[in-house]
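Structure data follow from model-v5.cif (mmCIF, C-alpha atoms):
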data_input
loop_
_atom_site.label_atom_id
_atom_site.label_comp_id
_atom_site.auth_asym_id
_atom_site.auth_seq_id
_atom_site.Cartn_x
_atom_site.Cartn_y
_atom_site.Cartn_z
CA MET A 14 -14.79 -55.30 -47.77
CA ALA A 15 -12.66 -57.61 -45.62
CA ASP A 16 -10.72 -60.23 -47.59
CA GLU A 17 -8.70 -63.24 -46.48
CA PHE A 18 -5.71 -61.06 -45.55
CA ASP A 19 -7.82 -58.73 -43.35
CA ASP A 20 -9.26 -61.73 -41.55
CA PHE A 21 -5.80 -63.21 -41.07
CA LEU A 22 -4.42 -59.94 -39.71
CA ALA A 23 -7.33 -59.30 -37.33
CA GLN A 24 -7.14 -62.87 -36.08
CA ALA A 25 -3.36 -62.75 -35.61
CA LEU A 26 -3.30 -59.39 -33.84
CA ARG A 27 -6.28 -60.04 -31.57
CA PRO A 28 -5.33 -60.23 -27.87
CA PRO A 29 -5.49 -63.77 -26.44
CA ASP A 30 -9.01 -64.71 -25.45
CA CYS A 31 -8.26 -66.64 -22.28
CA GLY A 32 -8.81 -66.12 -18.58
CA PRO A 33 -6.75 -63.76 -16.44
CA ASP A 34 -3.19 -64.68 -15.52
CA ARG A 35 -3.53 -65.09 -11.75
CA ILE A 36 0.23 -65.00 -11.22
CA PHE A 37 0.51 -61.64 -12.96
CA VAL A 38 -2.48 -60.27 -11.00
CA ALA A 39 -0.86 -61.41 -7.74
CA ARG A 40 2.43 -59.77 -8.78
CA VAL A 41 0.65 -56.47 -9.42
CA GLN A 42 -1.15 -56.65 -6.07
CA SER A 43 2.06 -57.36 -4.22
CA GLN A 44 3.77 -54.47 -6.04
CA ILE A 45 0.91 -52.19 -5.02
CA ARG A 46 1.18 -53.28 -1.37
CA LEU A 47 4.91 -52.60 -1.46
CA ASP A 48 4.33 -49.21 -3.09
CA GLU A 49 1.78 -48.29 -0.42
CA GLN A 50 4.15 -49.35 2.35
CA LEU A 51 7.03 -47.34 0.93
CA ARG A 52 4.84 -44.26 0.55
CA ALA A 53 3.60 -44.59 4.13
CA GLU A 54 7.19 -44.89 5.34
CA ARG A 55 8.23 -41.85 3.33
CA ARG A 56 5.35 -39.83 4.83
CA SER A 57 6.25 -40.99 8.32
CA MET A 58 9.94 -40.12 7.80
CA LEU A 59 9.07 -36.68 6.51
CA SER A 60 6.76 -35.93 9.40
CA SER A 61 9.31 -37.10 11.97
CA LEU A 62 11.98 -35.00 10.23
CA ALA A 63 9.69 -31.96 10.38
CA ILE A 64 9.08 -32.55 14.11
CA GLN A 65 12.83 -32.83 14.76
CA VAL A 66 13.59 -29.65 12.83
CA LEU A 67 10.88 -27.82 14.76
CA GLY A 68 12.25 -29.16 18.04
CA ILE A 69 15.78 -28.03 17.27
CA ALA A 70 14.52 -24.61 16.16
CA ALA A 71 12.50 -24.22 19.39
CA LEU A 72 15.48 -25.27 21.52
CA SER A 73 17.82 -22.86 19.72
CA ALA A 74 15.32 -20.03 20.06
CA SER A 75 14.93 -20.65 23.78
CA VAL A 76 18.70 -20.75 24.35
CA PHE A 77 19.08 -17.54 22.37
CA TRP A 78 16.26 -15.94 24.43
CA LEU A 79 17.88 -17.02 27.72
CA LEU A 80 21.26 -15.66 26.73
CA ARG A 81 19.73 -12.27 26.06
CA SER A 82 18.69 -11.78 29.71
CA PRO A 83 21.23 -9.62 31.67
CA GLU A 84 21.44 -12.10 34.60
CA ILE A 85 22.36 -15.04 32.36
CA ALA A 86 24.72 -12.85 30.30
CA SER A 87 26.61 -11.77 33.45
CA PHE A 88 26.63 -15.38 34.74
CA ALA A 89 28.04 -16.51 31.38
CA ALA A 90 30.72 -13.88 31.57
CA GLU A 91 31.67 -14.99 35.08
CA SER A 92 31.56 -18.80 34.61
CA PRO A 93 31.40 -19.78 30.94
CA ALA A 94 32.35 -23.41 31.69
CA ILE A 95 29.17 -24.01 33.73
CA LEU A 96 27.02 -22.44 31.01
CA LEU A 97 28.68 -24.53 28.33
CA ALA A 98 28.10 -27.67 30.42
CA ALA A 99 24.43 -26.76 30.87
CA LEU A 100 24.02 -26.16 27.12
CA LEU A 101 25.69 -29.48 26.28
CA ALA A 102 23.44 -31.26 28.76
CA ALA A 103 20.36 -29.67 27.19
CA PHE A 104 21.42 -30.67 23.67
CA SER A 105 22.29 -34.20 24.81
CA PHE A 106 18.85 -34.50 26.36
CA ALA A 107 17.24 -33.26 23.12
CA VAL A 108 19.25 -35.71 20.98
CA LEU A 109 18.30 -38.55 23.33
CA LEU A 110 14.65 -37.53 23.15
CA PHE A 111 14.61 -37.46 19.32
CA SER A 112 16.56 -40.67 18.88
CA THR A 113 14.27 -42.72 21.13
CA GLY A 114 11.10 -41.55 19.32
CA PRO A 115 9.13 -43.92 17.00
CA SER A 116 11.22 -44.60 13.89
CA PRO A 117 9.88 -45.81 10.53
CA ARG A 118 10.70 -49.39 9.48
CA GLY A 119 13.46 -49.83 6.95
CA PRO A 120 12.84 -50.93 3.36
CA GLN A 121 14.09 -54.44 4.17
CA ALA A 122 11.15 -54.93 6.50
CA SER A 123 8.80 -53.99 3.62
CA PHE A 124 10.35 -56.50 1.26
CA SER A 125 10.09 -59.25 3.80
CA THR A 126 6.35 -58.68 4.24
CA ALA A 127 5.54 -58.18 0.55
CA MET B 7 -27.91 -51.99 -18.56
CA ALA B 8 -24.42 -50.98 -17.48
CA THR B 9 -21.81 -50.90 -20.23
CA GLN B 10 -18.34 -52.35 -19.85
CA ASN B 11 -16.98 -48.88 -19.28
CA ASP B 12 -19.58 -47.99 -16.64
CA GLU B 13 -18.47 -51.10 -14.77
CA ASP B 14 -14.81 -50.13 -15.14
CA PHE B 15 -15.55 -46.59 -14.01
CA ALA B 16 -17.36 -47.89 -10.91
CA LEU B 17 -14.44 -50.22 -10.14
CA SER B 18 -11.97 -47.40 -10.63
CA ARG B 19 -13.93 -45.16 -8.22
CA ARG B 20 -13.80 -47.93 -5.65
CA ALA B 21 -10.08 -48.40 -6.29
CA ALA B 22 -9.55 -44.66 -5.78
CA ALA B 23 -11.21 -45.07 -2.38
CA GLY B 24 -8.65 -47.76 -1.52
CA ASP B 25 -10.58 -50.91 -2.51
CA ASN B 26 -7.89 -53.42 -3.51
CA ALA B 27 -10.37 -56.05 -4.65
CA ALA B 28 -11.95 -53.62 -7.11
CA PHE B 29 -8.56 -52.81 -8.57
CA ALA B 30 -7.69 -56.51 -8.78
CA ALA B 31 -10.86 -56.97 -10.84
CA LEU B 32 -9.66 -54.23 -13.21
CA VAL B 33 -6.24 -55.88 -13.50
CA GLU B 34 -7.89 -59.23 -14.28
CA LYS B 35 -9.99 -57.64 -17.02
CA HIS B 36 -7.28 -55.65 -18.71
CA GLU B 37 -3.96 -57.40 -18.21
CA ARG B 38 -4.20 -59.75 -21.22
CA PRO B 39 -4.82 -57.10 -23.91
CA LEU B 40 -2.29 -54.70 -22.38
CA ARG B 41 0.48 -57.29 -22.18
CA ALA B 42 -0.36 -58.56 -25.66
CA PHE B 43 -0.08 -55.02 -27.05
CA LEU B 44 3.21 -54.34 -25.27
CA SER B 45 4.78 -57.60 -26.38
CA ARG B 46 3.64 -56.97 -29.97
CA MET B 47 5.51 -53.69 -29.75
CA GLY B 48 8.74 -55.60 -29.70
CA ALA B 49 9.97 -55.58 -26.14
CA ALA B 50 8.53 -58.93 -25.09
CA GLU B 51 11.07 -59.46 -22.32
CA ILE B 52 10.19 -56.18 -20.62
CA ALA B 53 6.50 -56.06 -21.61
CA ASP B 54 5.34 -57.56 -18.32
CA ASP B 55 7.49 -55.19 -16.27
CA ILE B 56 6.06 -52.22 -18.15
CA ALA B 57 2.51 -53.55 -17.74
CA GLN B 58 3.10 -53.99 -14.02
CA GLU B 59 4.47 -50.46 -13.70
CA ALA B 60 1.46 -49.14 -15.63
CA PHE B 61 -0.97 -50.89 -13.29
CA VAL B 62 0.78 -49.46 -10.22
CA LYS B 63 0.57 -45.98 -11.75
CA ALA B 64 -3.10 -46.57 -12.64
CA TRP B 65 -3.73 -47.52 -8.99
CA ARG B 66 -2.08 -44.32 -7.75
CA ALA B 67 -3.96 -42.20 -10.31
CA ALA B 68 -7.31 -44.03 -10.00
CA GLY B 69 -9.00 -40.84 -8.82
CA GLN B 70 -8.01 -39.07 -12.03
CA TYR B 71 -9.89 -41.47 -14.32
CA ASP B 72 -13.10 -39.64 -15.24
CA GLY B 73 -14.80 -42.33 -17.33
CA ARG B 74 -14.92 -40.27 -20.54
CA ALA B 75 -12.49 -42.53 -22.42
CA ARG B 76 -12.59 -46.33 -22.15
CA TYR B 77 -10.62 -47.62 -19.19
CA SER B 78 -8.45 -49.70 -21.53
CA THR B 79 -7.57 -46.57 -23.52
CA TRP B 80 -6.65 -44.67 -20.37
CA LEU B 81 -4.60 -47.58 -19.06
CA THR B 82 -2.81 -48.11 -22.36
CA SER B 83 -1.86 -44.44 -22.50
CA ILE B 84 -0.22 -44.83 -19.07
CA ALA B 85 1.59 -47.96 -20.28
CA TRP B 86 2.65 -46.19 -23.47
CA ARG B 87 4.29 -43.41 -21.45
CA CYS B 88 5.98 -46.01 -19.23
CA ARG B 89 7.25 -47.73 -22.37
CA LEU B 90 8.62 -44.49 -23.83
CA ASP B 91 10.39 -43.77 -20.51
CA GLU B 92 11.82 -47.29 -20.51
CA LEU B 93 13.05 -46.90 -24.08
CA ARG B 94 14.72 -43.62 -23.17
CA ARG B 95 16.46 -45.33 -20.26
CA ARG B 96 17.32 -48.54 -22.12
CA PRO B 97 17.04 -48.38 -25.91
CA GLN B 98 15.73 -51.68 -27.28
CA ALA B 99 16.82 -53.54 -30.36
CA PRO B 100 14.12 -53.72 -33.05
CA PRO B 101 11.92 -56.83 -32.78
CA GLU B 102 13.32 -60.01 -34.28
CA SER B 103 12.03 -60.87 -37.71
CA GLU B 104 13.37 -64.42 -37.54
CA ALA B 105 10.81 -67.08 -36.78
CA ARG B 106 11.39 -69.04 -33.58
CA PRO B 107 11.41 -72.82 -34.01
CA SER B 108 8.52 -73.33 -31.58
CA GLU B 109 6.19 -70.86 -33.31
CA ASN B 110 3.56 -71.94 -35.75
CA HIS B 111 3.61 -70.49 -39.24
CA GLY B 112 0.93 -67.79 -38.67
CA ILE B 113 2.54 -66.37 -35.52
CA ALA B 114 5.99 -66.30 -37.12
CA GLU B 115 4.56 -64.57 -40.17
CA VAL B 116 2.94 -61.84 -38.08
CA ARG B 117 6.10 -61.35 -36.03
CA ASP B 118 8.03 -60.96 -39.25
CA MET B 119 5.54 -58.45 -40.64
CA LEU B 120 5.48 -56.33 -37.50
CA ALA B 121 9.28 -56.32 -37.29
CA ARG B 122 9.41 -54.53 -40.63
CA LEU B 123 7.10 -51.70 -39.58
CA SER B 124 7.99 -48.44 -37.88
CA GLU B 125 7.04 -47.93 -34.23
CA ASN B 126 3.91 -45.89 -35.04
CA GLU B 127 2.85 -48.21 -37.86
CA ARG B 128 3.15 -51.21 -35.57
CA ALA B 129 1.24 -49.59 -32.71
CA SER B 130 -1.53 -48.28 -34.94
CA ILE B 131 -2.13 -51.54 -36.80
CA VAL B 132 -2.08 -53.64 -33.61
CA LEU B 133 -4.52 -51.32 -31.85
CA CYS B 134 -6.89 -50.61 -34.75
CA ASP B 135 -6.91 -53.99 -36.50
CA GLY B 136 -6.21 -56.30 -33.58
CA HIS B 137 -7.65 -54.64 -30.48
CA GLY B 138 -10.61 -52.90 -32.10
CA TRP B 139 -9.60 -49.36 -31.17
CA THR B 140 -11.10 -46.49 -33.14
CA HIS B 141 -8.77 -44.35 -35.23
CA GLU B 142 -9.51 -41.44 -32.89
CA GLU B 143 -8.40 -43.41 -29.83
CA ALA B 144 -5.19 -44.59 -31.50
CA ALA B 145 -4.45 -41.08 -32.80
CA GLU B 146 -4.78 -39.67 -29.29
CA LEU B 147 -2.52 -42.34 -27.80
CA LEU B 148 0.20 -41.85 -30.39
CA GLY B 149 -0.16 -38.06 -30.45
CA LEU B 150 -0.85 -38.02 -34.18
CA PRO B 151 -3.43 -36.03 -36.15
CA LEU B 152 -6.36 -38.24 -37.19
CA GLY B 153 -5.51 -38.03 -40.90
CA THR B 154 -1.91 -39.02 -40.26
CA LEU B 155 -3.01 -41.96 -38.15
CA LYS B 156 -5.37 -43.18 -40.89
CA SER B 157 -2.63 -43.02 -43.50
CA THR B 158 -0.21 -44.73 -41.07
CA VAL B 159 -2.65 -47.62 -40.64
CA ALA B 160 -3.18 -47.86 -44.40
CA ARG B 161 0.58 -47.85 -45.06
CA ALA B 162 1.19 -50.49 -42.38
CA LYS B 163 -1.52 -52.74 -43.82
CA SER B 164 -0.20 -52.30 -47.31
CA LYS B 165 3.33 -53.31 -46.18
CA CYS B 166 1.94 -56.33 -44.35
CA ARG B 167 -0.15 -57.31 -47.38
CA GLU B 168 2.91 -57.17 -49.62
CA LEU B 169 4.80 -59.46 -47.24
CA TRP B 170 1.82 -61.77 -46.96
CA ASN B 171 1.48 -62.01 -50.74
CA GLY B 172 5.22 -62.57 -50.99
CA THR B 173 5.03 -65.64 -48.81
CA GLY B 174 2.68 -67.30 -51.28
CA ASN B 175 -0.58 -66.54 -49.46
CA GLY B 176 -1.99 -64.02 -51.92
#

Turn this file's structure into structure tokens for me.
Amino acid sequence: MADEFDDFLAQALRPPDCGPDRIFVARVQSQIRLDEQLRAERRSMLSSLAIQVLGIAALSASVFWLLRSPEIASFAAESPAILLAALLAAFSFAVLLFSTGPSPRGPQASFSTA
Amino acid sequence: MATQNDEDFALSRRAAAGDNAAFAALVEKHERPLRAFLSRMGAAEIADDIAQEAFVKAWRAAGQYDGRARYSTWLTSIAWRCRLDELRRRPQAPPESEARPSENHGIAEVRDMLARLSENERASIVLCDGHGWTHEEAAELLGLPLGTLKSTVARAKSKCRELWNGTGNG
């Protein structure tokens, strides 16, 4: 049977019976928005990284394939400087293409909108 | 008639589908007890941060809540794990047993009592005697066998009663 002490303890340990703390609720919501933004940015960064890796792999494979043909191989043997210039131009074009693609916003942008 | 937990389950399903308002309703319902429990556990200054972290994790894992346990039990178990992680990262000093000048006598007395209990004793007595949890729920949260939990609660109450009697109440 509950005595005075049990009543005291239950009363003292009971959570406060008042309305929600709106400031805390707002803090949680803003934290969730920030979390969602960061996760979206991470996903976008990973997908753009995957696209870039695939692009570089495709470019390397095509260069390798071209160099295997006898005409290109003999041309390379005769004028390696022109081939090197062509390769550099192709890689520069690829780098330019990747760097001008859509880039995710930095974390500072997220904080400013949170 | 829908029970409290049916309502929470429905809100959690909506939250899992991306409904922010539904999750805000869950936060409004459960933030007071969760923060009260965490601050009773002796890390008052980081209790709100842990509660916030727990709510963010509950939002991410909303789809995993199956409605079998009460939402508050599920949420508190997330917060408990966050708290253990936090303690591993930054060990906390045991809660103060000194009364603060602004506190009334009852609050200071309870703070003093809880400060003298072990971690499990404190958690089990706060949950079972203060928050109305069943022994089974508390045992699951603390990872203790049911019998051990019951004896932990009894030991905690006995220590508190001794202190209470010692202050001239008994």

Kindly determine which residues of chain B lie within 6 Å of chain A, considering only C-alpha atoms, and give the answer as a PyMOL selection string.
chain B and resi 34+39+42+58+62+132+135-137

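When CA of Trp80 (chain B) is paired with CA of Arg52 (chain A), their separation reads 23.9 Å.
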
Please check which residues have atoms at most 10 Å from (-5.9, -46.5, -22.2) in the file's coordinates, counting all atoms listed in the file, and write them as a count of residues only.
19

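Take CA of Ala114 (chain B) and CA of Ala57 (chain B): the distance between them is 23.5 Å.
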
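Once the PyMOL selection byres ((chain B and resi 92) around 12) is applied to this file, the selection holds Ala49, Ile52, Ala53, Asp55, Ile56, Ala57, Glu59, Ala60, Ala85, Trp86, Arg87, Cys88, Arg89, Leu90, Asp91, Leu93, Arg94, Arg95, Arg96, Pro97 and Gln98 of chain B.
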
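CA of Ala162 (chain B) sits 15.1 Å away from CA of Leu150 (chain B).
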
Going by the chain IDs and residue numbers used in this file, which residues fall under the PyMOL selection byres ((chain A and resi 111) around 12)? Write them as a ChimeraX atom specification.
/A:61-69,104-110,112-116

When the PyMOL selection byres ((chain A and resi 76) around 12) is applied to the structure above, which residues does it catch, written out as number ranges by chain?
A: 69-75, 77-82, 85-86, 96-97, 99-101, 103-104

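Nearest residue to Lys165 (chain B), choosing from B:Arg128, B:Arg46, B:Arg66, B:Arg20 and counting all atoms listed in the file: B:Arg128.
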
Kindly extract all protein, DNA and RNA residues lying within 12 Å of the coordinates (2.0, -52.6, -40.7) given in the file, considering all atoms listed in the file, and supply them as a ChimeraX atom specification.
/A:19,22-23,26 /B:46-47,116-136,156-170

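Each of A:Asp16, A:Ser57, A:Glu91, A:Ser43 was checked against Phe61 (chain B) using all atoms listed in the file; the smallest atom-to-atom distance is that of A:Ser43.
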